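Student: One structure, pasted below without further comment.
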Amino acid sequence: MPKLIFEKHVPGSNAFSLPSSEISDQAFSEQIPDQTNFGRIPAQFLRQEAMNLPEVSEVEAVRHYTELSTRAYGVDSGFYPLGSCTMKYNPKINEWAARLPGFACLHPYQPADTVQGALQLYYEMQEMLAEIPGMDGFSLQPAAGAHGELAGVMIMKAYHQQRQDHKRTKIMVPDSAHGTNPASANVVGFEVIEVKSNPRGLVDLDDLRSKMTEEVAGLMLTNPNTLGLFEEEIQEIAAIVHDGGGLLYYDGANLNGIMGVARPGDMGFDVIHVNLHKTFGTPHGGGGPGAGPVGVKAKLLEFLPKPVAVKEGEQYRFNYDLPLSIGKVKNFYGNFGVIVKAYAYIKALGAEGLKEACQHAVLNANYLRHQLRDTYHIPLDRLCKHEFIINSKKQAENGITTLQIAKRLIDFGYHPPTVYFPLIVSEAMMIEPTETESKERLDDFIQTMRNIARESVENPELVKQAPQQAVIKRVDEVTAARKPVVKWEAGV
Ligand SMILES: *Cc1c(COP(=O)(O)O)cnc(C)c1O
């Protein structure tokens, strides 16, 4: 096991050097009393002894963290077919754009006339985002997909309340939905009703019809759904919900399967969020910042989170004067750096490029599905969009599970796909290759998956014991979940 930075501690080592101060501590606190905490923090809360911090030289500190960085697996290190997460390659020019001093060094309270360029970008992003899924307006405030859902469901609630329609206390969510959908509806105070999927993996219309009562505020839907399948009866679904007085929410976390080709706004959706950090070429994972802008049709514009950027003549400014707005959902204006990256991405690709990205994402997924169907069971084996599902039914004869196949992929240098989701398919493995992978890379992955299927027959123990090549091998997941040790303590 690699050593922790604390275990590399050598007393007296130092990673910095500062000139000695010309001002004594005492003189400092007398001169600028507000700048020191000593007078304000009650004595019982002050640290009594020096913090136990590791001492290492600069070069050892650099080596330590460089070494750690090579242990993290990302899109820049290899294929990452994590379904529902769209781990596409993020072009580095987006980072360049976000770091331009004219964007990176702005102060959020700068007067509007000194930040016209940033405001123009913000405004144009609202416009472009509205056009891509066919909505009438967007707010760029929400910081993530789930946050966009929260804002979107708050908008649905505000809409019904504004109409004095107070009996709508429920929201419908299909059983294939991403877990954030019922969670968001719940946080806003709605009771969640589950809508069943039919044997084809799509919304069961009879079930939907029977549940669409005047107590229902709307339906949250992903299309293509989490099985990678397009809801072919979407117009019928929209009619059922709208005729019942409800609104249709589109979970647009993954627009990769339809962007440039079909528009949720044309399908009848009223509210949508999109994940800039999935579809629009900005990094995610590891807790980095995201952006989940929320968009609406015209009748819901006045409920959008504020502020939104507006253009008056040739001038741009933020508009806070939205009396029916659900309010602010984030400090300042959202994660501006992420918005700049996504803007660079959309501008670089253009309308044709976005469409091509979508088509390649769908082509890659169908190519993989086709090449894997002889070795793996595919529960809903028909044309998919950007992702599809296989499971370990064929390998189960040799006692092999989906988890073990996923762990074995790690030995071959691949990040495993999403496993055990969606919940309606047993032993599910959800594969999303994205458009940025070459045929050569996909062929290598296919070969690896076939090798693992062969190993499952010839040497099942090898698969069951995987991963053997990783720094961390099999972990005790139950203990890790029940008794997590998340901090290091000296001598423990
Ligand atoms: C990723 C995802 C979300 C949530 O997005 P976050 O940015 O992780 O909050 C919601 N719905 C679907 C379908 C997703 O794939």
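Letters for chains follow the order of the structure tokens (A, B, ...), residue numbers begin at 1 for each chain, and ligand numbers begin at 1 in the order shown.
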Let me see if you get this right: every residue at most 7 Å from ligand 1, counting only C-alpha atoms and all ligand atoms, written as a list in words.

Tutor: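 So the residues close to ligand 1 are Ser84, Cys85, Ala144, Gly145, Ala146, His147, His178, Thr180, Asn181, Thr222, Thr226, Asp251, Gly252, Ala253, Asn254, Asn275, Gly290 and Gly292 of chain A.
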
Student: Write down as a PyMOL selection string the residues belonging to segment 149-357 of chain A that are assigned alpha helix (DSSP H) by DSSP computed on the backbone.

Tutor: chain A and resi 149-162+180-187+205-211+234-243+264-267+276-279+336-357

Student: Which of these, A:Gln120, A:Gln469, A:Thr436, A:Thr169, has the shortest distance to Gly218 of chain A once you count only C-alpha atoms?

Tutor: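 Among the listed residues, A:Thr169 lies closest to Gly218 of chain A.
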
Student: Give me the residues near segment 319-330 of chain A as number ranges by chain, where near means some atom within 7 Å (using only C-alpha atoms) and where sequence neighbours in that chain fewer than 3 positions away do not count.

Tutor: A: 141-142, 154-155, 302-310, 333-334

Student: Keeping only all heavy atoms, write those residues as a tab-separated table (two decimals), in the first residue's frame.

Tutor:
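This is the output file selection.tsv:
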```
chain	number	residue	atom	x	y	z
A	141	GLN	N	-28.95	29.02	-13.34
A	141	GLN	CA	-28.55	28.99	-11.93
A	141	GLN	C	-28.20	27.61	-11.35
A	141	GLN	O	-27.19	27.49	-10.68
A	141	GLN	CB	-29.67	29.61	-11.09
A	141	GLN	CG	-29.60	31.11	-11.06
A	141	GLN	CD	-29.77	31.60	-9.64
A	141	GLN	OE1	-30.47	31.02	-8.83
A	141	GLN	NE2	-29.09	32.68	-9.34
A	142	PRO	N	-29.02	26.58	-11.58
A	142	PRO	CA	-28.77	25.33	-10.83
A	142	PRO	C	-27.37	24.76	-11.07
A	142	PRO	O	-26.82	24.84	-12.16
A	142	PRO	CB	-29.86	24.39	-11.36
A	142	PRO	CG	-30.97	25.29	-11.81
A	142	PRO	CD	-30.26	26.49	-12.39
A	154	MET	N	-40.01	22.76	-8.43
A	154	MET	CA	-40.51	23.96	-7.73
A	154	MET	C	-41.32	24.83	-8.69
A	154	MET	O	-42.34	25.44	-8.31
A	154	MET	CB	-39.34	24.76	-7.14
A	154	MET	CG	-38.72	24.11	-5.91
A	154	MET	SD	-37.16	24.90	-5.42
A	154	MET	CE	-37.78	26.41	-4.68
A	155	ILE	N	-40.87	24.91	-9.93
A	155	ILE	CA	-41.61	25.68	-10.95
A	155	ILE	C	-42.99	25.06	-11.18
A	155	ILE	O	-44.00	25.77	-11.26
A	155	ILE	CB	-40.80	25.74	-12.27
A	155	ILE	CG1	-39.56	26.62	-12.09
A	155	ILE	CG2	-41.66	26.23	-13.43
A	155	ILE	CD1	-38.58	26.57	-13.25
A	302	GLU	N	-42.18	33.03	-16.30
A	302	GLU	CA	-42.10	33.97	-15.17
A	302	GLU	C	-41.76	33.28	-13.85
A	302	GLU	O	-41.49	33.94	-12.86
A	302	GLU	CB	-43.40	34.77	-15.04
A	302	GLU	CG	-44.62	33.88	-15.03
A	302	GLU	CD	-45.91	34.67	-15.25
A	302	GLU	OE1	-45.87	35.91	-15.20
A	302	GLU	OE2	-46.95	34.03	-15.46
A	303	PHE	N	-41.74	31.91	-13.86
A	303	PHE	CA	-41.41	31.20	-12.61
A	303	PHE	C	-39.93	30.83	-12.53
A	303	PHE	O	-39.47	30.33	-11.52
A	303	PHE	CB	-42.25	29.93	-12.50
A	303	PHE	CG	-43.74	30.18	-12.50
A	303	PHE	CD1	-44.52	29.90	-13.61
A	303	PHE	CD2	-44.36	30.72	-11.38
A	303	PHE	CE1	-45.88	30.12	-13.62
A	303	PHE	CE2	-45.72	30.96	-11.37
A	303	PHE	CZ	-46.49	30.66	-12.49
A	304	LEU	N	-39.18	31.03	-13.61
A	304	LEU	CA	-37.76	30.62	-13.63
A	304	LEU	C	-36.98	31.21	-12.46
A	304	LEU	O	-37.28	32.33	-12.00
A	304	LEU	CB	-37.10	31.10	-14.93
A	304	LEU	CG	-37.29	30.25	-16.19
A	304	LEU	CD1	-36.61	30.94	-17.37
A	304	LEU	CD2	-36.76	28.83	-16.02
A	305	PRO	N	-35.96	30.49	-11.97
A	305	PRO	CA	-35.11	31.06	-10.93
A	305	PRO	C	-34.48	32.37	-11.43
A	305	PRO	O	-34.19	32.49	-12.61
A	305	PRO	CB	-34.02	30.01	-10.72
A	305	PRO	CG	-34.54	28.75	-11.30
A	305	PRO	CD	-35.54	29.13	-12.36
A	306	LYS	N	-34.28	33.31	-10.55
A	306	LYS	CA	-33.70	34.58	-10.96
A	306	LYS	C	-32.29	34.71	-10.38
A	306	LYS	O	-31.98	34.08	-9.38
A	306	LYS	CB	-34.59	35.75	-10.55
A	306	LYS	CG	-34.81	35.89	-9.04
A	306	LYS	CD	-35.79	37.02	-8.79
A	306	LYS	CE	-36.13	37.10	-7.31
A	306	LYS	NZ	-37.15	38.10	-7.02
A	307	PRO	N	-31.43	35.53	-10.99
A	307	PRO	CA	-31.71	36.38	-12.14
A	307	PRO	C	-31.53	35.64	-13.46
A	307	PRO	O	-30.87	34.61	-13.51
A	307	PRO	CB	-30.62	37.45	-12.01
A	307	PRO	CG	-29.45	36.72	-11.46
A	307	PRO	CD	-30.03	35.69	-10.51
A	308	VAL	N	-32.11	36.20	-14.52
A	308	VAL	CA	-31.79	35.74	-15.86
A	308	VAL	C	-31.19	36.93	-16.62
A	308	VAL	O	-31.52	38.08	-16.33
A	308	VAL	CB	-33.03	35.20	-16.63
A	308	VAL	CG1	-33.49	33.88	-16.06
A	308	VAL	CG2	-34.16	36.21	-16.61
A	309	ALA	N	-30.30	36.63	-17.56
A	309	ALA	CA	-29.66	37.70	-18.33
A	309	ALA	C	-30.63	38.19	-19.40
A	309	ALA	O	-31.33	37.39	-20.01
A	309	ALA	CB	-28.37	37.21	-18.96
A	310	VAL	N	-30.69	39.51	-19.59
A	310	VAL	CA	-31.55	40.06	-20.63
A	310	VAL	C	-30.72	41.00	-21.51
A	310	VAL	O	-29.69	41.52	-21.08
A	310	VAL	CB	-32.76	40.84	-20.05
A	310	VAL	CG1	-33.74	39.88	-19.40
A	310	VAL	CG2	-32.31	41.91	-19.06
A	333	TYR	N	-24.63	33.45	-9.89
A	333	TYR	CA	-25.27	33.17	-11.19
A	333	TYR	C	-25.10	31.74	-11.66
A	333	TYR	O	-25.17	31.45	-12.85
A	333	TYR	CB	-24.71	34.14	-12.24
A	333	TYR	CG	-24.45	35.52	-11.66
A	333	TYR	CD1	-23.16	35.99	-11.47
A	333	TYR	CD2	-25.53	36.31	-11.24
A	333	TYR	CE1	-22.94	37.24	-10.90
A	333	TYR	CE2	-25.31	37.55	-10.67
A	333	TYR	CZ	-24.01	38.02	-10.49
A	333	TYR	OH	-23.79	39.22	-9.92
A	334	GLY	N	-24.87	30.81	-10.76
A	334	GLY	CA	-24.57	29.44	-11.18
A	334	GLY	C	-23.07	29.25	-11.27
A	334	GLY	O	-22.29	30.15	-10.91
```

Student: Could you give me, as number ranges by chain, the residues within 8 Å of Phe6 of chain A, counting only C-alpha atoms and dropping anything in the same chain fewer than 6 positions from it?

Tutor: A: 53-55

Student: Selected residues, all heavy atoms, written as a PDB file, in the first residue's frame, please.

Tutor:
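Output file result_12.pdb is given in full below:
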```pdb
ATOM      1  N   LEU A  53       0.289  18.298  11.726  1.00  0.00           N
ATOM      2  CA  LEU A  53       0.396  18.324  10.265  1.00  0.00           C
ATOM      3  C   LEU A  53       1.704  17.673   9.823  1.00  0.00           C
ATOM      4  O   LEU A  53       2.723  17.820  10.485  1.00  0.00           O
ATOM      5  CB  LEU A  53       0.364  19.769   9.754  1.00  0.00           C
ATOM      6  CG  LEU A  53      -0.981  20.479   9.864  1.00  0.00           C
ATOM      7  CD1 LEU A  53      -0.852  21.921   9.406  1.00  0.00           C
ATOM      8  CD2 LEU A  53      -2.045  19.758   9.042  1.00  0.00           C
ATOM      9  N   PRO A  54       1.676  16.950   8.703  1.00  0.00           N
ATOM     10  CA  PRO A  54       2.904  16.304   8.238  1.00  0.00           C
ATOM     11  C   PRO A  54       3.906  17.330   7.730  1.00  0.00           C
ATOM     12  O   PRO A  54       3.516  18.333   7.138  1.00  0.00           O
ATOM     13  CB  PRO A  54       2.418  15.402   7.097  1.00  0.00           C
ATOM     14  CG  PRO A  54       1.158  16.023   6.628  1.00  0.00           C
ATOM     15  CD  PRO A  54       0.543  16.708   7.807  1.00  0.00           C
ATOM     16  N   GLU A  55       5.174  17.054   7.962  1.00  0.00           N
ATOM     17  CA  GLU A  55       6.220  17.922   7.426  1.00  0.00           C
ATOM     18  C   GLU A  55       6.979  17.143   6.366  1.00  0.00           C
ATOM     19  O   GLU A  55       7.541  16.084   6.643  1.00  0.00           O
ATOM     20  CB  GLU A  55       7.172  18.361   8.548  1.00  0.00           C
ATOM     21  CG  GLU A  55       6.495  19.260   9.571  1.00  0.00           C
ATOM     22  CD  GLU A  55       7.391  19.541  10.772  1.00  0.00           C
ATOM     23  OE1 GLU A  55       8.472  20.110  10.589  1.00  0.00           O
ATOM     24  OE2 GLU A  55       6.993  19.148  11.877  1.00  0.00           O
TER      25      GLU A  55
END
```

Student: Can you tell me, as a list in words, what residues are no more than 12 Å from Gln359 of chain A when counting only C-alpha atoms, ignoring any on the same chain fewer than 4 positions away?

Tutor: Leu255, Asn256, Gly257, Ile258, Met259, Gly260, Val261, Ala262, Glu352, Gly353, Leu354, Lys355, Leu363, Asn364, Ala365, Asn366, Cys384, Lys385, His386, Thr434, Glu435 and Thr436 of chain A

Student: Could those residues be written to a file, using N, CA, C and O atoms, as a PDB file, in the first residue's frame?

Tutor:
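What follows is the written file out-v2.pdb:
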```
ATOM      1  N   LEU A 255     -28.611  14.413 -22.931  1.00  0.00           N
ATOM      2  CA  LEU A 255     -29.226  14.785 -24.211  1.00  0.00           C
ATOM      3  C   LEU A 255     -28.509  14.117 -25.377  1.00  0.00           C
ATOM      4  O   LEU A 255     -28.904  14.281 -26.525  1.00  0.00           O
ATOM      5  N   ASN A 256     -27.452  13.379 -25.066  1.00  0.00           N
ATOM      6  CA  ASN A 256     -26.624  12.800 -26.112  1.00  0.00           C
ATOM      7  C   ASN A 256     -27.402  11.923 -27.090  1.00  0.00           C
ATOM      8  O   ASN A 256     -27.027  11.811 -28.239  1.00  0.00           O
ATOM      9  N   GLY A 257     -28.478  11.302 -26.608  1.00  0.00           N
ATOM     10  CA  GLY A 257     -29.209  10.372 -27.449  1.00  0.00           C
ATOM     11  C   GLY A 257     -30.155  11.042 -28.444  1.00  0.00           C
ATOM     12  O   GLY A 257     -30.681  10.385 -29.341  1.00  0.00           O
ATOM     13  N   ILE A 258     -30.403  12.350 -28.301  1.00  0.00           N
ATOM     14  CA  ILE A 258     -31.374  12.997 -29.199  1.00  0.00           C
ATOM     15  C   ILE A 258     -30.967  14.386 -29.687  1.00  0.00           C
ATOM     16  O   ILE A 258     -31.570  14.903 -30.629  1.00  0.00           O
ATOM     17  N   MET A 259     -29.947  14.999 -29.104  1.00  0.00           N
ATOM     18  CA  MET A 259     -29.704  16.421 -29.427  1.00  0.00           C
ATOM     19  C   MET A 259     -29.430  16.622 -30.916  1.00  0.00           C
ATOM     20  O   MET A 259     -28.742  15.833 -31.551  1.00  0.00           O
ATOM     21  N   GLY A 260     -30.007  17.667 -31.439  1.00  0.00           N
ATOM     22  CA  GLY A 260     -29.830  17.967 -32.856  1.00  0.00           C
ATOM     23  C   GLY A 260     -30.741  17.156 -33.766  1.00  0.00           C
ATOM     24  O   GLY A 260     -30.800  17.392 -34.967  1.00  0.00           O
ATOM     25  N   VAL A 261     -31.432  16.168 -33.179  1.00  0.00           N
ATOM     26  CA  VAL A 261     -32.277  15.287 -33.988  1.00  0.00           C
ATOM     27  C   VAL A 261     -33.744  15.432 -33.579  1.00  0.00           C
ATOM     28  O   VAL A 261     -34.630  15.584 -34.421  1.00  0.00           O
ATOM     29  N   ALA A 262     -34.000  15.385 -32.258  1.00  0.00           N
ATOM     30  CA  ALA A 262     -35.381  15.526 -31.762  1.00  0.00           C
ATOM     31  C   ALA A 262     -35.369  16.485 -30.576  1.00  0.00           C
ATOM     32  O   ALA A 262     -34.348  16.628 -29.900  1.00  0.00           O
ATOM     33  N   GLU A 352     -24.697  21.448 -36.600  1.00  0.00           N
ATOM     34  CA  GLU A 352     -24.394  20.199 -37.314  1.00  0.00           C
ATOM     35  C   GLU A 352     -23.533  19.279 -36.465  1.00  0.00           C
ATOM     36  O   GLU A 352     -23.723  18.060 -36.450  1.00  0.00           O
ATOM     37  N   GLY A 353     -22.576  19.886 -35.765  1.00  0.00           N
ATOM     38  CA  GLY A 353     -21.662  19.100 -34.931  1.00  0.00           C
ATOM     39  C   GLY A 353     -22.381  18.414 -33.790  1.00  0.00           C
ATOM     40  O   GLY A 353     -22.085  17.266 -33.436  1.00  0.00           O
ATOM     41  N   LEU A 354     -23.345  19.125 -33.176  1.00  0.00           N
ATOM     42  CA  LEU A 354     -24.098  18.516 -32.073  1.00  0.00           C
ATOM     43  C   LEU A 354     -24.897  17.319 -32.590  1.00  0.00           C
ATOM     44  O   LEU A 354     -24.955  16.267 -31.958  1.00  0.00           O
ATOM     45  N   LYS A 355     -25.488  17.496 -33.748  1.00  0.00           N
ATOM     46  CA  LYS A 355     -26.266  16.414 -34.342  1.00  0.00           C
ATOM     47  C   LYS A 355     -25.363  15.211 -34.643  1.00  0.00           C
ATOM     48  O   LYS A 355     -25.718  14.065 -34.361  1.00  0.00           O
ATOM     49  N   LEU A 363     -24.775   5.454 -32.717  1.00  0.00           N
ATOM     50  CA  LEU A 363     -24.132   4.423 -33.539  1.00  0.00           C
ATOM     51  C   LEU A 363     -23.189   3.566 -32.689  1.00  0.00           C
ATOM     52  O   LEU A 363     -23.215   2.326 -32.765  1.00  0.00           O
ATOM     53  N   ASN A 364     -22.371   4.213 -31.878  1.00  0.00           N
ATOM     54  CA  ASN A 364     -21.429   3.477 -31.032  1.00  0.00           C
ATOM     55  C   ASN A 364     -22.154   2.515 -30.080  1.00  0.00           C
ATOM     56  O   ASN A 364     -21.723   1.386 -29.876  1.00  0.00           O
ATOM     57  N   ALA A 365     -23.253   2.999 -29.496  1.00  0.00           N
ATOM     58  CA  ALA A 365     -24.005   2.145 -28.562  1.00  0.00           C
ATOM     59  C   ALA A 365     -24.583   0.937 -29.297  1.00  0.00           C
ATOM     60  O   ALA A 365     -24.504  -0.198 -28.816  1.00  0.00           O
ATOM     61  N   ASN A 366     -25.132   1.174 -30.466  1.00  0.00           N
ATOM     62  CA  ASN A 366     -25.732   0.052 -31.207  1.00  0.00           C
ATOM     63  C   ASN A 366     -24.682  -0.916 -31.736  1.00  0.00           C
ATOM     64  O   ASN A 366     -24.906  -2.128 -31.798  1.00  0.00           O
ATOM     65  N   CYS A 384     -31.294   0.945 -29.853  1.00  0.00           N
ATOM     66  CA  CYS A 384     -31.241   1.777 -28.658  1.00  0.00           C
ATOM     67  C   CYS A 384     -30.767   3.169 -29.043  1.00  0.00           C
ATOM     68  O   CYS A 384     -30.423   3.421 -30.199  1.00  0.00           O
ATOM     69  N   LYS A 385     -30.762   4.062 -28.078  1.00  0.00           N
ATOM     70  CA  LYS A 385     -30.201   5.392 -28.336  1.00  0.00           C
ATOM     71  C   LYS A 385     -28.744   5.389 -27.861  1.00  0.00           C
ATOM     72  O   LYS A 385     -27.956   4.627 -28.349  1.00  0.00           O
ATOM     73  N   HIS A 386     -28.389   6.207 -26.862  1.00  0.00           N
ATOM     74  CA  HIS A 386     -26.969   6.374 -26.512  1.00  0.00           C
ATOM     75  C   HIS A 386     -26.442   5.307 -25.560  1.00  0.00           C
ATOM     76  O   HIS A 386     -25.251   5.286 -25.271  1.00  0.00           O
ATOM     77  N   THR A 434     -20.482   6.609 -25.563  1.00  0.00           N
ATOM     78  CA  THR A 434     -20.370   8.004 -26.031  1.00  0.00           C
ATOM     79  C   THR A 434     -19.736   8.092 -27.421  1.00  0.00           C
ATOM     80  O   THR A 434     -19.093   7.160 -27.883  1.00  0.00           O
ATOM     81  N   GLU A 435     -19.852   9.282 -28.004  1.00  0.00           N
ATOM     82  CA  GLU A 435     -19.413   9.484 -29.394  1.00  0.00           C
ATOM     83  C   GLU A 435     -17.912   9.678 -29.525  1.00  0.00           C
ATOM     84  O   GLU A 435     -17.377   9.619 -30.632  1.00  0.00           O
ATOM     85  N   THR A 436     -17.210   9.934 -28.419  1.00  0.00           N
ATOM     86  CA  THR A 436     -15.799  10.299 -28.566  1.00  0.00           C
ATOM     87  C   THR A 436     -14.873   9.082 -28.619  1.00  0.00           C
ATOM     88  O   THR A 436     -13.657   9.236 -28.643  1.00  0.00           O
TER      89      THR A 436
END
```

Student: Need the shell around segment 454-467 of chain A: protein/DNA/RNA residues with any atom at most 12 Å away, counting only C-alpha atoms. Skip same-chain ones fewer than 4 positions apart. Format as a ChimeraX atom specification?

Tutor: /A:374-376,392-416,447-450,471-475

Student: Env of segment 282-285 of chain A: 8 Å cut, atoms = only C-alpha atoms, seq-sep filter 2 positions within chain, self excluded. Answer as a PyMOL selection string.

Tutor: chain A and resi 90+94+276-280+287-290+338+341-342

Student: Could you write out that same residue set with N, CA, C and O atoms as an mmCIF file, in the first residue's frame?

Tutor:
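Saved the output as out00.cif:
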```cif
data_model
loop_
_atom_site.group_PDB
_atom_site.id
_atom_site.type_symbol
_atom_site.label_atom_id
_atom_site.label_comp_id
_atom_site.auth_asym_id
_atom_site.auth_seq_id
_atom_site.Cartn_x
_atom_site.Cartn_y
_atom_site.Cartn_z
ATOM 1 N N ASN A 90 -13.697 15.541 -22.844
ATOM 2 C CA ASN A 90 -13.950 16.977 -22.777
ATOM 3 C C ASN A 90 -12.786 17.726 -23.424
ATOM 4 O O ASN A 90 -11.687 17.730 -22.883
ATOM 5 N N ASN A 94 -11.868 23.961 -24.039
ATOM 6 C CA ASN A 94 -12.884 24.496 -23.125
ATOM 7 C C ASN A 94 -12.238 25.028 -21.844
ATOM 8 O O ASN A 94 -12.678 26.026 -21.274
ATOM 9 N N LEU A 276 -24.921 20.277 -18.204
ATOM 10 C CA LEU A 276 -23.798 20.741 -19.036
ATOM 11 C C LEU A 276 -22.609 19.818 -18.834
ATOM 12 O O LEU A 276 -21.820 19.599 -19.745
ATOM 13 N N HIS A 277 -22.491 19.258 -17.618
ATOM 14 C CA HIS A 277 -21.353 18.396 -17.292
ATOM 15 C C HIS A 277 -21.549 16.958 -17.761
ATOM 16 O O HIS A 277 -20.796 16.095 -17.385
ATOM 17 N N LYS A 278 -22.552 16.683 -18.543
ATOM 18 C CA LYS A 278 -22.602 15.375 -19.186
ATOM 19 C C LYS A 278 -22.580 15.588 -20.698
ATOM 20 O O LYS A 278 -21.660 15.172 -21.375
ATOM 21 N N THR A 279 -23.599 16.270 -21.186
ATOM 22 C CA THR A 279 -23.756 16.380 -22.632
ATOM 23 C C THR A 279 -22.808 17.392 -23.265
ATOM 24 O O THR A 279 -22.330 17.190 -24.371
ATOM 25 N N PHE A 280 -22.524 18.489 -22.558
ATOM 26 C CA PHE A 280 -21.873 19.610 -23.236
ATOM 27 C C PHE A 280 -20.393 19.784 -22.896
ATOM 28 O O PHE A 280 -19.915 20.898 -22.676
ATOM 29 N N GLY A 287 -16.708 15.103 -7.640
ATOM 30 C CA GLY A 287 -17.189 16.243 -6.868
ATOM 31 C C GLY A 287 -16.894 17.589 -7.489
ATOM 32 O O GLY A 287 -17.090 18.621 -6.867
ATOM 33 N N GLY A 288 -16.432 17.597 -8.744
ATOM 34 C CA GLY A 288 -16.162 18.877 -9.385
ATOM 35 C C GLY A 288 -17.439 19.644 -9.648
ATOM 36 O O GLY A 288 -18.523 19.075 -9.550
ATOM 37 N N PRO A 289 -17.339 20.929 -9.975
ATOM 38 C CA PRO A 289 -18.557 21.701 -10.203
ATOM 39 C C PRO A 289 -19.268 21.249 -11.464
ATOM 40 O O PRO A 289 -18.636 20.841 -12.425
ATOM 41 N N GLY A 290 -20.596 21.300 -11.441
ATOM 42 C CA GLY A 290 -21.396 20.990 -12.610
ATOM 43 C C GLY A 290 -22.311 22.156 -12.897
ATOM 44 O O GLY A 290 -22.170 23.238 -12.319
ATOM 45 N N VAL A 338 -18.212 26.598 -15.620
ATOM 46 C CA VAL A 338 -18.784 25.458 -16.351
ATOM 47 C C VAL A 338 -19.601 25.964 -17.544
ATOM 48 O O VAL A 338 -19.586 25.370 -18.632
ATOM 49 N N LYS A 341 -17.268 26.813 -20.362
ATOM 50 C CA LYS A 341 -16.770 25.613 -21.050
ATOM 51 C C LYS A 341 -17.832 25.057 -21.999
ATOM 52 O O LYS A 341 -17.533 24.690 -23.135
ATOM 53 N N ALA A 342 -19.060 24.976 -21.523
ATOM 54 C CA ALA A 342 -20.137 24.424 -22.351
ATOM 55 C C ALA A 342 -20.414 25.333 -23.547
ATOM 56 O O ALA A 342 -20.708 24.867 -24.650
#
```

Student: Using only C-alpha atoms, which residues of segment 159-227 of chain A come within 12 Å of segment 377-381 of chain A, and what is the closest atom pair for each, with the distance in Å to one decimal? Give it as a Markdown table, sorted by chain and residue number.

Tutor:
```
| residue | atom | partner | partner_atom | distance |
| --- | --- | --- | --- | --- |
| A:Asn198 | CA | A:Leu380 | CA | 11.5 |
| A:Pro199 | CA | A:Leu380 | CA | 8.9 |
| A:Arg200 | CA | A:Leu380 | CA | 7.0 |
| A:Gly201 | CA | A:Leu380 | CA | 7.3 |
| A:Leu202 | CA | A:Leu380 | CA | 10.5 |
| A:Leu227 | CA | A:Leu380 | CA | 8.3 |
```

Student: Output N, CA, C and O atoms for every residue in that selection, as a PDB file, in the first residue's frame.

Tutor:
```
ATOM      1  N   ASN A 198     -43.907  -1.259 -19.266  1.00  0.00           N
ATOM      2  CA  ASN A 198     -44.477  -2.444 -19.903  1.00  0.00           C
ATOM      3  C   ASN A 198     -43.351  -3.413 -20.289  1.00  0.00           C
ATOM      4  O   ASN A 198     -42.172  -3.087 -20.119  1.00  0.00           O
ATOM      5  N   PRO A 199     -43.683  -4.593 -20.804  1.00  0.00           N
ATOM      6  CA  PRO A 199     -42.625  -5.570 -21.121  1.00  0.00           C
ATOM      7  C   PRO A 199     -41.624  -5.060 -22.158  1.00  0.00           C
ATOM      8  O   PRO A 199     -40.522  -5.593 -22.264  1.00  0.00           O
ATOM      9  N   ARG A 200     -41.960  -4.015 -22.904  1.00  0.00           N
ATOM     10  CA  ARG A 200     -41.014  -3.465 -23.877  1.00  0.00           C
ATOM     11  C   ARG A 200     -40.074  -2.431 -23.242  1.00  0.00           C
ATOM     12  O   ARG A 200     -39.266  -1.810 -23.927  1.00  0.00           O
ATOM     13  N   GLY A 201     -40.216  -2.220 -21.931  1.00  0.00           N
ATOM     14  CA  GLY A 201     -39.335  -1.280 -21.235  1.00  0.00           C
ATOM     15  C   GLY A 201     -39.774   0.162 -21.348  1.00  0.00           C
ATOM     16  O   GLY A 201     -39.011   1.079 -21.044  1.00  0.00           O
ATOM     17  N   LEU A 202     -41.010   0.381 -21.784  1.00  0.00           N
ATOM     18  CA  LEU A 202     -41.522   1.750 -21.952  1.00  0.00           C
ATOM     19  C   LEU A 202     -42.667   1.998 -20.975  1.00  0.00           C
ATOM     20  O   LEU A 202     -43.181   1.067 -20.355  1.00  0.00           O
ATOM     21  N   LEU A 227     -33.176   2.835 -19.952  1.00  0.00           N
ATOM     22  CA  LEU A 227     -32.821   1.600 -20.650  1.00  0.00           C
ATOM     23  C   LEU A 227     -32.215   1.926 -22.014  1.00  0.00           C
ATOM     24  O   LEU A 227     -31.877   1.027 -22.787  1.00  0.00           O
TER      25      LEU A 227
END
```

Student: So the first atom is atom CA of Met430 of chain A and the second is atom CA of Val195 of chain A; what is the distance between them in Å, to one decimal place?

Tutor: 21.3 Å

Student: One decimal, in Å: what's the spacing between atom CA of Ala118 of chain A and atom CA of Phe103 of chain A?

Tutor: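 Going from atom CA of Ala118 of chain A over to atom CA of Phe103 of chain A covers 6.6 Å.
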
Student: Report the residues of segment 20-221 of chain A whose backbone DSSP state falls under strand (DSSP E or B), written as a list in words.

Tutor: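 DSSP-assigned strand (DSSP E or B) residues in segment 20-221 of chain A: Leu82, Gly137, Phe138, Ser139, Lys170, Ile171, Met172, Val173, Pro174, Glu191, Val192, Ile193, Glu194, Val195, Ser197, Val203, Val216, Ala217, Gly218, Leu219, Met220 and Leu221 of chain A.
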
Student: So how many Å separate atom CA of Tyr249 of chain A and atom CA of Leu119 of chain A, to one decimal?

Tutor: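 Calculated distance between atom CA of Tyr249 of chain A and atom CA of Leu119 of chain A is 28.1 Å.
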